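Dumped data-v5.cif below, it's mmCIF, C-alpha atoms:
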```cif
data_my_file
#
loop_
_atom_site.label_atom_id
_atom_site.label_comp_id
_atom_site.auth_asym_id
_atom_site.auth_seq_id
_atom_site.Cartn_x
_atom_site.Cartn_y
_atom_site.Cartn_z
CA MET A 1 0.00 0.00 0.00
CA ARG A 2 2.76 2.42 0.94
CA LEU A 3 4.45 1.64 -2.39
CA THR A 4 1.35 2.41 -4.45
CA LEU A 5 1.22 5.87 -2.83
CA TRP A 6 4.46 6.67 -4.63
CA ILE A 7 3.09 5.79 -8.06
CA PRO A 8 1.66 9.27 -8.88
CA LEU A 9 4.94 10.94 -7.91
CA MET A 10 6.90 8.42 -9.99
CA LEU A 11 4.61 9.03 -12.95
CA PHE A 12 5.10 12.78 -12.56
CA ALA A 13 8.88 12.34 -12.38
CA LEU A 14 8.73 10.19 -15.51
CA PHE A 15 6.82 12.85 -17.46
CA ALA A 16 9.06 15.65 -16.17
CA GLY A 17 12.16 13.65 -17.09
CA LEU A 18 10.79 12.91 -20.56
CA ALA A 19 9.91 16.57 -21.14
CA GLY A 20 13.33 17.68 -19.87
CA TYR A 21 15.08 15.19 -22.13
CA GLN A 22 13.11 16.32 -25.19
CA LEU A 23 13.98 19.96 -24.42
CA THR A 24 17.69 19.14 -24.71
CA GLN A 25 17.27 17.40 -28.07
CA PRO A 26 18.00 19.52 -31.15
CA LYS A 27 14.86 20.42 -33.06
CA ASN A 28 14.67 19.74 -36.78
CA GLU A 29 12.99 22.79 -38.27
CA PHE A 30 13.39 21.59 -41.84
CA VAL A 31 10.32 20.34 -43.62
CA GLU A 32 11.69 17.64 -45.86
CA SER A 33 10.14 17.02 -49.25
CA GLN A 34 8.24 13.75 -49.61
CA MET A 35 8.81 13.84 -53.36
CA LEU A 36 12.20 12.08 -53.44
CA GLY A 37 12.08 9.22 -55.95
CA LYS A 38 9.11 10.82 -57.70
CA PRO A 39 9.11 12.57 -61.08
CA LEU A 40 9.10 16.32 -61.57
CA PRO A 41 5.66 17.62 -62.56
CA ALA A 42 5.04 18.99 -66.03
CA PHE A 43 5.93 22.67 -66.04
CA ASP A 44 7.03 25.40 -68.40
CA LEU A 45 8.33 28.61 -66.80
CA ARG A 46 8.97 31.84 -68.65
CA PRO A 47 12.58 33.11 -68.63
CA ALA A 48 13.41 34.93 -65.39
CA ASN A 49 16.45 36.61 -66.92
CA LEU A 50 16.40 38.42 -70.24
CA GLY A 51 18.64 36.74 -72.78
CA GLN A 52 18.55 33.39 -71.00
CA PRO A 53 16.06 30.54 -71.56
CA GLY A 54 13.30 29.68 -69.09
CA ALA A 55 12.92 26.21 -67.61
CA SER A 56 10.58 23.35 -68.42
CA LEU A 57 10.25 19.65 -67.63
CA ALA A 58 11.71 18.74 -71.04
CA ASP A 59 15.06 20.30 -70.01
CA PHE A 60 15.43 17.63 -67.34
CA LYS A 61 14.78 14.66 -69.59
CA ASP A 62 17.95 14.70 -71.71
CA GLY A 63 19.53 11.81 -69.78
CA LYS A 64 21.97 13.91 -67.76
CA PRO A 65 21.54 14.59 -64.02
CA LYS A 66 21.18 18.25 -63.09
CA LEU A 67 20.78 20.52 -60.11
CA LEU A 68 17.51 22.38 -59.69
CA ASN A 69 18.23 25.44 -57.57
CA ILE A 70 15.29 27.26 -55.99
CA TRP A 71 16.43 30.81 -55.25
CA ALA A 72 15.46 34.49 -55.45
CA SER A 73 17.22 37.81 -55.83
CA TRP A 74 15.64 38.98 -52.54
CA CYS A 75 17.04 36.00 -50.63
CA LEU A 76 20.11 36.78 -48.54
CA PRO A 77 21.43 33.20 -48.07
CA CYS A 78 21.36 32.94 -51.87
CA ILE A 79 24.21 35.46 -51.94
CA ALA A 80 26.18 33.21 -49.58
CA GLU A 81 25.70 30.14 -51.75
CA ALA A 82 26.51 31.89 -55.06
CA PRO A 83 30.29 31.18 -55.00
CA HIS A 84 29.67 27.51 -54.18
CA LEU A 85 27.20 27.15 -57.04
CA GLU A 86 29.93 28.70 -59.20
CA ARG A 87 32.31 25.94 -58.06
CA LEU A 88 29.72 23.31 -58.97
CA LYS A 89 29.33 24.88 -62.37
CA ASP A 90 33.13 24.88 -62.84
CA ALA A 91 33.05 21.16 -62.02
CA GLY A 92 30.79 20.71 -65.04
CA VAL A 93 27.40 20.63 -63.29
CA ASP A 94 24.36 21.87 -65.19
CA ILE A 95 22.43 24.10 -62.76
CA VAL A 96 18.88 25.06 -63.66
CA GLY A 97 17.56 27.98 -61.60
CA VAL A 98 14.00 28.66 -60.54
CA ALA A 99 13.55 32.24 -59.33
CA ILE A 100 10.70 32.65 -56.85
CA ARG A 101 8.52 35.81 -57.07
CA ASP A 102 11.16 37.80 -58.89
CA ARG A 103 11.34 40.61 -61.48
CA PRO A 104 13.73 40.36 -64.46
CA GLN A 105 15.58 43.57 -63.49
CA ASP A 106 16.17 42.27 -59.92
CA VAL A 107 17.35 38.92 -61.27
CA ALA A 108 19.75 40.64 -63.70
CA ARG A 109 21.15 42.85 -60.93
CA PHE A 110 21.70 39.87 -58.61
CA LEU A 111 23.45 37.85 -61.33
CA ALA A 112 25.66 40.80 -62.28
CA GLN A 113 26.72 41.20 -58.65
CA HIS A 114 27.08 37.59 -57.54
CA GLY A 115 27.74 35.63 -60.73
CA ASN A 116 25.51 33.50 -62.92
CA PRO A 117 26.02 29.74 -62.51
CA TYR A 118 22.74 28.88 -64.26
CA SER A 119 22.30 27.34 -67.71
CA ARG A 120 18.67 28.49 -67.66
CA ILE A 121 16.37 30.21 -65.18
CA GLY A 122 12.60 29.87 -64.98
CA ALA A 123 10.42 32.39 -63.16
CA ASP A 124 8.02 30.88 -60.60
CA ASP A 125 5.81 33.83 -59.71
CA LEU A 126 3.25 31.88 -57.66
CA SER A 127 5.60 29.29 -56.10
CA VAL A 128 3.82 26.63 -58.15
CA ILE A 129 6.86 24.49 -58.92
CA GLN A 130 8.15 25.07 -55.41
CA LEU A 131 4.94 23.64 -53.94
CA GLU A 132 4.83 20.83 -56.52
CA ILE A 133 8.24 19.46 -55.51
CA GLY A 134 7.75 19.94 -51.77
CA SER A 135 10.21 22.77 -51.25
CA SER A 136 9.42 24.99 -48.26
CA GLY A 137 11.79 27.89 -48.72
CA VAL A 138 14.66 29.55 -50.54
CA PRO A 139 17.31 28.50 -51.21
CA GLU A 140 16.88 24.80 -51.78
CA THR A 141 18.74 22.59 -54.23
CA PHE A 142 17.43 19.36 -55.75
CA VAL A 143 19.36 16.67 -57.60
CA ILE A 144 17.30 15.57 -60.62
CA ASP A 145 18.38 12.52 -62.61
CA GLY A 146 18.39 12.25 -66.41
CA GLN A 147 14.80 10.97 -66.48
CA GLY A 148 13.44 13.88 -64.45
CA ILE A 149 13.17 11.95 -61.16
CA ILE A 150 13.88 13.92 -57.94
CA ARG A 151 16.81 12.16 -56.24
CA HIS A 152 18.04 14.41 -53.43
CA GLN A 153 17.03 17.57 -51.60
CA HIS A 154 19.44 20.03 -50.02
CA ILE A 155 17.67 22.48 -47.70
CA GLY A 156 19.26 25.88 -47.11
CA ASP A 157 22.23 27.51 -48.76
CA VAL A 158 24.92 25.33 -50.33
CA ARG A 159 28.11 25.71 -48.30
CA ALA A 160 31.69 24.76 -49.14
CA GLY A 161 31.30 21.37 -47.44
CA ASP A 162 28.14 20.57 -49.40
CA VAL A 163 29.82 20.80 -52.80
CA PRO A 164 31.49 17.32 -52.70
CA LYS A 165 28.26 15.80 -51.34
CA LEU A 166 26.18 17.27 -54.16
CA LEU A 167 28.78 16.10 -56.71
CA GLN A 168 28.51 12.62 -55.22
CA LYS A 169 24.69 12.68 -55.34
CA LEU A 170 24.88 13.78 -58.99
CA GLU A 171 27.26 10.88 -59.69
CA GLU A 172 24.83 8.46 -58.00
CA ALA A 173 21.98 9.83 -60.12
CA LYS A 174 23.77 8.93 -63.36
CA MET B 175 10.19 69.42 -35.64
CA ARG B 176 13.22 67.90 -37.31
CA ALA B 177 12.58 64.67 -35.49
CA LEU B 178 9.02 64.66 -36.77
CA ILE B 179 10.15 65.19 -40.37
CA LEU B 180 12.72 62.41 -39.99
CA PHE B 181 10.05 60.15 -38.54
CA ILE B 182 7.66 60.81 -41.43
CA ALA B 183 10.51 60.30 -43.91
CA ALA B 184 11.36 56.98 -42.25
CA LEU B 185 7.75 55.83 -42.72
CA CYS B 186 7.98 56.51 -46.45
CA VAL B 187 11.09 54.40 -47.05
CA SER B 188 10.34 51.07 -48.70
CA PRO B 189 12.29 48.06 -47.46
CA VAL B 190 15.35 47.47 -49.62
CA LEU B 191 15.18 43.71 -49.48
CA ALA B 192 11.57 42.80 -48.97
CA GLN B 193 10.61 39.13 -49.23
CA GLN B 194 9.02 39.77 -52.55
CA SER B 195 9.37 42.22 -55.36
CA LEU B 196 6.15 41.08 -57.02
CA PRO B 197 2.61 41.85 -55.87
CA PRO B 198 0.97 39.00 -53.93
CA ALA B 199 -0.65 36.13 -55.81
CA PRO B 200 -4.09 37.07 -57.22
CA LEU B 201 -6.07 34.94 -54.78
CA ALA B 202 -3.80 35.41 -51.76
CA TYR B 203 -5.92 38.20 -50.31
CA GLN B 204 -8.86 38.13 -52.74
CA GLN B 205 -11.93 36.21 -51.60
CA LEU B 206 -13.78 33.92 -53.97
CA SER B 207 -17.02 35.41 -55.27
CA ASP B 208 -19.05 32.32 -54.31
CA PRO B 209 -19.59 32.53 -50.49
CA ALA B 210 -19.91 28.76 -50.11
CA GLN B 211 -16.63 28.16 -51.95
CA GLU B 212 -14.90 30.91 -49.96
CA ALA B 213 -16.15 29.35 -46.70
CA ALA B 214 -14.80 25.94 -47.77
CA ALA B 215 -11.48 27.48 -48.77
CA LEU B 216 -11.19 29.41 -45.49
CA ALA B 217 -12.01 26.33 -43.41
CA LEU B 218 -9.26 24.41 -45.22
CA MET B 219 -6.75 27.27 -44.96
CA HIS B 220 -7.18 27.38 -41.19
CA THR B 221 -6.03 23.75 -40.99
CA LEU B 222 -2.96 24.02 -43.24
CA ARG B 223 0.41 24.95 -41.77
CA CYS B 224 2.45 27.79 -43.17
CA LEU B 225 5.81 26.24 -44.08
CA LYS B 226 7.69 29.50 -43.70
CA CYS B 227 6.35 30.50 -40.27
CA GLN B 228 5.73 27.08 -38.85
CA SER B 229 3.40 27.91 -35.98
CA GLN B 230 0.76 29.68 -38.04
CA SER B 231 -1.88 28.47 -40.43
CA ILE B 232 -1.72 29.82 -43.96
CA ALA B 233 -4.92 31.74 -43.20
CA ASP B 234 -3.13 33.61 -40.39
CA SER B 235 0.20 34.21 -42.06
CA ASP B 236 1.33 37.16 -44.15
CA ALA B 237 4.39 35.32 -45.46
CA PRO B 238 4.47 35.49 -49.28
CA MET B 239 4.66 31.70 -49.46
CA ALA B 240 1.49 31.40 -47.36
CA GLY B 241 -0.13 33.80 -49.84
CA ASP B 242 0.89 31.52 -52.69
CA MET B 243 -0.54 28.54 -50.81
CA ARG B 244 -3.83 30.42 -50.27
CA HIS B 245 -3.85 31.15 -53.99
CA GLN B 246 -3.47 27.41 -54.66
CA VAL B 247 -6.28 26.54 -52.24
CA ARG B 248 -8.70 29.16 -53.59
CA SER B 249 -8.00 28.50 -57.26
CA ARG B 250 -8.33 24.73 -56.78
CA ILE B 251 -11.59 25.11 -54.85
CA ALA B 252 -12.88 27.49 -57.53
CA ALA B 253 -12.00 24.79 -60.09
CA GLY B 254 -14.25 22.37 -58.18
CA GLU B 255 -11.64 20.38 -56.28
CA GLU B 256 -12.62 18.87 -52.92
CA PRO B 257 -10.90 20.45 -49.85
CA GLU B 258 -9.66 17.05 -48.66
CA ALA B 259 -8.14 16.37 -52.09
CA ILE B 260 -6.17 19.61 -51.81
CA ARG B 261 -5.02 18.63 -48.31
CA ALA B 262 -3.94 15.22 -49.64
CA TRP B 263 -2.04 16.94 -52.47
CA LEU B 264 -0.06 18.98 -49.93
CA VAL B 265 0.46 16.06 -47.52
CA GLN B 266 1.86 14.05 -50.44
CA ARG B 267 4.51 16.77 -50.88
CA TYR B 268 5.29 17.87 -47.32
CA GLY B 269 4.09 14.99 -45.15
CA ASP B 270 1.54 15.11 -42.30
CA TYR B 271 3.40 18.14 -40.94
CA VAL B 272 1.64 20.51 -43.34
CA SER B 273 -1.80 19.60 -42.01
CA TYR B 274 -3.21 20.67 -38.66
CA ALA B 275 -6.01 18.10 -38.89
CA PRO B 276 -4.80 15.01 -37.01
CA THR B 277 -5.10 11.62 -38.66
CA VAL B 278 -4.69 8.15 -37.17
CA SER B 279 -1.44 6.65 -38.42
CA SER B 280 1.26 4.27 -37.20
CA THR B 281 2.91 7.11 -35.24
CA THR B 282 -0.16 9.00 -34.00
CA TRP B 283 -2.43 6.18 -32.80
CA PRO B 284 -1.26 6.48 -29.14
CA LEU B 285 -2.68 10.02 -29.09
CA PHE B 286 -6.10 8.55 -29.72
CA ALA B 287 -5.66 5.36 -27.71
CA VAL B 288 -4.20 6.81 -24.48
CA PRO B 289 -7.27 8.92 -23.53
CA LEU B 290 -9.51 5.88 -24.01
CA VAL B 291 -7.22 3.73 -21.86
CA LEU B 292 -7.08 6.43 -19.15
CA LEU B 293 -10.89 6.73 -19.21
CA LEU B 294 -11.22 2.97 -18.81
CA ILE B 295 -8.75 2.93 -15.90
CA ALA B 296 -10.48 5.88 -14.22
CA GLY B 297 -13.85 4.21 -14.76
CA GLY B 298 -12.51 1.00 -13.27
CA ILE B 299 -11.20 2.77 -10.18
CA LEU B 300 -14.45 4.70 -9.75
CA TRP B 301 -16.46 1.52 -10.15
CA SER B 302 -14.38 -0.36 -7.61
CA ARG B 303 -14.69 2.49 -5.09
CA ILE B 304 -18.21 3.82 -5.58
CA GLY B 305 -19.72 0.56 -6.71
CA ARG B 306 -18.66 -1.11 -3.45
CA LYS B 307 -19.66 1.81 -1.24
CA PRO B 308 -23.30 0.99 -0.40
CA LYS B 309 -22.23 -2.42 0.87
CA ASN B 310 -19.40 -0.91 2.97
CA ALA B 311 -21.64 1.93 4.11
CA GLY B 312 -24.30 -0.59 5.09
CA GLU B 313 -21.74 -2.50 7.14
CA ALA B 314 -20.53 0.67 8.82
CA THR B 315 -23.90 1.89 9.99
#
```

Please express the file's structure as structure tokens.
Amino acid sequence: MRLTLWIPLMLFALFAGLAGYQLTQPKNEFVESQMLGKPLPAFDLRPANLGQPGASLADFKDGKPKLLNIWASWCLPCIAEAPHLERLKDAGVDIVGVAIRDRPQDVARFLAQHGNPYSRIGADDLSVIQLEIGSSGVPETFVIDGQGIIRHQHIGDVRAGDVPKLLQKLEEAK
Amino acid sequence: MRALILFIAALCVSPVLAQQSLPPAPLAYQQLSDPAQEAAALALMHTLRCLKCQSQSIADSDAPMAGDMRHQVRSRIAAGEEPEAIRAWLVQRYGDYVSYAPTVSSTTWPLFAVPLVLLLIAGGILWSRIGRKPKNAGEAT
């Protein structure tokens, strides 16, 4: 009987301990796309940058893996990732850009300032492609294989350490 | 006086790097003309999570991405799509996280089962205490 009196206190301690433990665990604030392994939707985006082609599904079906980079000229981390995208481009990677809610003059200014690693850039004015592929912010980078299947998602800006990983994912997508 | 002029001038400055340089999506802040459709859209928007500002529904959020999601919801409802089909479309892309409406799944079933179990236990305890009482009371008096 005396032992059963302790049960509520033990239960309380258990809950408090569990809550305390969970508070110390790092929180994953990234919403990961559930579209990995699934094909890109059909889309055809107008050019976001004058003098450069827009982007469509057909561009991803030429048999070669590519990077699909979701970015915007108003996005600050996109400035940070620009040099690393340039390195990927120098390594021979075909990077297709999708500019979210952007005007051609802003896109041109950004590219003039921070470099243009893109082979083509589509303008996604209503975040339609972004929502279709399960991307929840800018910047995000997807590895798309030669058949247009989404193979890998990188959330946030591409940093120096991410370059070899993305190159490896592109190799795996071949 | 100078401070006042500076203050008014400060109000007129537009943010250099706003989150969007384009106007919001057509149906982000524009209600549907059919009240029944708008009500269905609004009910759905209140149960979809804004992905940018993760503790708000897309109906509550002014984030541009939430506006684009509202545009999707309203234009799909206007096209005759069922609200639950739109929810399923988003869940397919972002997982259960995007929906505020709880569903029973392999990870969430304890949320539904535990209250039932607790009710049963509480009922059992009550039954064993109160149900026996008249007999005990009768013995006592």

Near-stretch 115-121 of chain A list (7 Å; all atoms listed in the file; drop same-chain fewer than 3 positions) as a PyMOL selection string: chain A and resi 47-49+52-55+82+85-86+89+94-99+111-112

Give as a short mmCIF file (atom, residue, chain, number, x, y, z; two decimals) with C-alpha atoms, keeping the file's coordinate frame the residues that the PyMOL selection byres ((chain B and resi 239) around 8) matches when applied to the coordinates above.
```
data_model
loop_
_atom_site.label_atom_id
_atom_site.label_comp_id
_atom_site.auth_asym_id
_atom_site.auth_seq_id
_atom_site.Cartn_x
_atom_site.Cartn_y
_atom_site.Cartn_z
CA SER A 127 5.60 29.29 -56.10
CA CYS B 224 2.45 27.79 -43.17
CA LEU B 225 5.81 26.24 -44.08
CA LYS B 226 7.69 29.50 -43.70
CA ALA B 237 4.39 35.32 -45.46
CA PRO B 238 4.47 35.49 -49.28
CA ALA B 240 1.49 31.40 -47.36
CA GLY B 241 -0.13 33.80 -49.84
CA ASP B 242 0.89 31.52 -52.69
CA MET B 243 -0.54 28.54 -50.81
#
```

Residues returned when the PyMOL selection byres ((chain A) within 9 of (chain B)) runs on this file, as a ChimeraX atom specification: /A:29,31-35,72-76,100-103,106,125-128,131-137

Written file, previous selection with C-alpha atoms, as a PDB file, in the coordinates of the input:
```pdb
ATOM      1  CA  GLU A  29      12.990  22.790 -38.270  1.00  0.00           C
ATOM      2  CA  VAL A  31      10.320  20.340 -43.620  1.00  0.00           C
ATOM      3  CA  GLU A  32      11.690  17.640 -45.860  1.00  0.00           C
ATOM      4  CA  SER A  33      10.140  17.020 -49.250  1.00  0.00           C
ATOM      5  CA  GLN A  34       8.240  13.750 -49.610  1.00  0.00           C
ATOM      6  CA  MET A  35       8.810  13.840 -53.360  1.00  0.00           C
ATOM      7  CA  ALA A  72      15.460  34.490 -55.450  1.00  0.00           C
ATOM      8  CA  SER A  73      17.220  37.810 -55.830  1.00  0.00           C
ATOM      9  CA  TRP A  74      15.640  38.980 -52.540  1.00  0.00           C
ATOM     10  CA  CYS A  75      17.040  36.000 -50.630  1.00  0.00           C
ATOM     11  CA  LEU A  76      20.110  36.780 -48.540  1.00  0.00           C
ATOM     12  CA  ILE A 100      10.700  32.650 -56.850  1.00  0.00           C
ATOM     13  CA  ARG A 101       8.520  35.810 -57.070  1.00  0.00           C
ATOM     14  CA  ASP A 102      11.160  37.800 -58.890  1.00  0.00           C
ATOM     15  CA  ARG A 103      11.340  40.610 -61.480  1.00  0.00           C
ATOM     16  CA  ASP A 106      16.170  42.270 -59.920  1.00  0.00           C
ATOM     17  CA  ASP A 125       5.810  33.830 -59.710  1.00  0.00           C
ATOM     18  CA  LEU A 126       3.250  31.880 -57.660  1.00  0.00           C
ATOM     19  CA  SER A 127       5.600  29.290 -56.100  1.00  0.00           C
ATOM     20  CA  VAL A 128       3.820  26.630 -58.150  1.00  0.00           C
ATOM     21  CA  LEU A 131       4.940  23.640 -53.940  1.00  0.00           C
ATOM     22  CA  GLU A 132       4.830  20.830 -56.520  1.00  0.00           C
ATOM     23  CA  ILE A 133       8.240  19.460 -55.510  1.00  0.00           C
ATOM     24  CA  GLY A 134       7.750  19.940 -51.770  1.00  0.00           C
ATOM     25  CA  SER A 135      10.210  22.770 -51.250  1.00  0.00           C
ATOM     26  CA  SER A 136       9.420  24.990 -48.260  1.00  0.00           C
ATOM     27  CA  GLY A 137      11.790  27.890 -48.720  1.00  0.00           C
TER      28      GLY A 137
END
```

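Using only C-alpha atoms for every distance, the candidate list A:Ile155, A:Ile129, A:Lys66, A:Trp71 yields A:Lys66 as the residue closest to A:Glu172.
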
Picked residues, the PyMOL selection byres ((chain A and resi 160) around 12), as a PyMOL selection string: chain A and resi 80-88+157-159+161-167

d(atom CA of A:Lys174, atom CA of A:His152) in Å: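 Spanning atom CA of A:Lys174 to atom CA of A:His152 is a straight-line distance of 12.7 Å.
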
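Our summary of the geometry notes that atom CA of A:Gly20 is positioned 24.9 Å from atom CA of B:Val291.
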
Selection near A:Ala58, 9 Å with all atoms listed in the file, sequence-local residues under 5 positions removed, as a PyMOL selection string: chain A and resi 42-44+148

Output the selection as an mmCIF file, in the frame of the given file - C-alpha atoms for each residue.
```cif
data_model
loop_
_atom_site.group_PDB
_atom_site.id
_atom_site.type_symbol
_atom_site.label_atom_id
_atom_site.label_comp_id
_atom_site.auth_asym_id
_atom_site.auth_seq_id
_atom_site.Cartn_x
_atom_site.Cartn_y
_atom_site.Cartn_z
ATOM 1 C CA ALA A 42 5.040 18.990 -66.030
ATOM 2 C CA PHE A 43 5.930 22.670 -66.040
ATOM 3 C CA ASP A 44 7.030 25.400 -68.400
ATOM 4 C CA GLY A 148 13.440 13.880 -64.450
#
```

Stretch 111-130 of chain A, all listed atoms, 4 Å padding on each side: what axis-aligned box centre and edge lengths in Å to one decimal come out, as AutoDock Vina command-line options?
```
--center_x 15.5 --center_y 32.8 --center_z -61.6 --size_x 32.5 --size_y 24.7 --size_z 20.3
```

Residue with smallest distance to B:Ala215 - pool B:Ala262, B:Asp234, B:Ala252, B:Leu290, counting all atoms listed in the file: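 So, comparing all the options, the nearest one is B:Ala252.
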
Separation of atom CA of A:Glu140 from atom CA of A:Leu40 in Å: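 A separation of 15.1 Å between them.
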
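Candidate residues B:Val247, B:Ala259, B:Ala296, B:Leu222 were compared for distance to B:Ser235, and the nearest is B:Leu222, using all atoms listed in the file.
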
Kindly add N, CA and C atoms to the incomplete stretch 78-92 of chain A and provide the output as a PDB file, keeping the file's coordinate frame.
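That gives us out_10.pdb:
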```
ATOM      1  N   CYS A  78      21.018  33.250 -50.482  1.00  0.00           N
ATOM      2  CA  CYS A  78      21.360  32.940 -51.870  1.00  0.00           C
ATOM      3  C   CYS A  78      22.657  33.632 -52.281  1.00  0.00           C
ATOM      4  N   ILE A  79      22.944  34.776 -51.656  1.00  0.00           N
ATOM      5  CA  ILE A  79      24.210  35.460 -51.940  1.00  0.00           C
ATOM      6  C   ILE A  79      25.358  34.604 -51.402  1.00  0.00           C
ATOM      7  N   ALA A  80      25.129  34.026 -50.217  1.00  0.00           N
ATOM      8  CA  ALA A  80      26.180  33.210 -49.580  1.00  0.00           C
ATOM      9  C   ALA A  80      26.476  31.963 -50.399  1.00  0.00           C
ATOM     10  N   GLU A  81      25.467  31.399 -51.040  1.00  0.00           N
ATOM     11  CA  GLU A  81      25.700  30.140 -51.750  1.00  0.00           C
ATOM     12  C   GLU A  81      26.215  30.363 -53.183  1.00  0.00           C
ATOM     13  N   ALA A  82      26.132  31.611 -53.669  1.00  0.00           N
ATOM     14  CA  ALA A  82      26.510  31.890 -55.060  1.00  0.00           C
ATOM     15  C   ALA A  82      27.913  31.377 -55.428  1.00  0.00           C
ATOM     16  N   PRO A  83      28.962  31.674 -54.604  1.00  0.00           N
ATOM     17  CA  PRO A  83      30.290  31.180 -55.000  1.00  0.00           C
ATOM     18  C   PRO A  83      30.386  29.657 -55.048  1.00  0.00           C
ATOM     19  N   HIS A  84      29.599  28.980 -54.204  1.00  0.00           N
ATOM     20  CA  HIS A  84      29.670  27.510 -54.180  1.00  0.00           C
ATOM     21  C   HIS A  84      28.933  26.917 -55.374  1.00  0.00           C
ATOM     22  N   LEU A  85      27.866  27.579 -55.811  1.00  0.00           N
ATOM     23  CA  LEU A  85      27.200  27.150 -57.040  1.00  0.00           C
ATOM     24  C   LEU A  85      28.165  27.342 -58.220  1.00  0.00           C
ATOM     25  N   GLU A  86      28.940  28.432 -58.147  1.00  0.00           N
ATOM     26  CA  GLU A  86      29.930  28.700 -59.200  1.00  0.00           C
ATOM     27  C   GLU A  86      30.941  27.556 -59.267  1.00  0.00           C
ATOM     28  N   ARG A  87      31.355  27.064 -58.098  1.00  0.00           N
ATOM     29  CA  ARG A  87      32.310  25.940 -58.060  1.00  0.00           C
ATOM     30  C   ARG A  87      31.694  24.684 -58.680  1.00  0.00           C
ATOM     31  N   LEU A  88      30.404  24.467 -58.384  1.00  0.00           N
ATOM     32  CA  LEU A  88      29.720  23.310 -58.970  1.00  0.00           C
ATOM     33  C   LEU A  88      29.663  23.433 -60.485  1.00  0.00           C
ATOM     34  N   LYS A  89      29.384  24.656 -60.930  1.00  0.00           N
ATOM     35  CA  LYS A  89      29.330  24.880 -62.370  1.00  0.00           C
ATOM     36  C   LYS A  89      30.702  24.616 -63.003  1.00  0.00           C
ATOM     37  N   ASP A  90      31.771  25.096 -62.330  1.00  0.00           N
ATOM     38  CA  ASP A  90      33.130  24.880 -62.840  1.00  0.00           C
ATOM     39  C   ASP A  90      33.465  23.391 -62.899  1.00  0.00           C
ATOM     40  N   ALA A  91      32.817  22.609 -62.009  1.00  0.00           N
ATOM     41  CA  ALA A  91      33.050  21.160 -62.020  1.00  0.00           C
ATOM     42  C   ALA A  91      32.219  20.481 -63.109  1.00  0.00           C
ATOM     43  N   GLY A  92      31.518  21.273 -63.911  1.00  0.00           N
ATOM     44  CA  GLY A  92      30.790  20.710 -65.040  1.00  0.00           C
ATOM     45  C   GLY A  92      29.326  20.412 -64.757  1.00  0.00           C
TER      46      GLY A  92
END
```
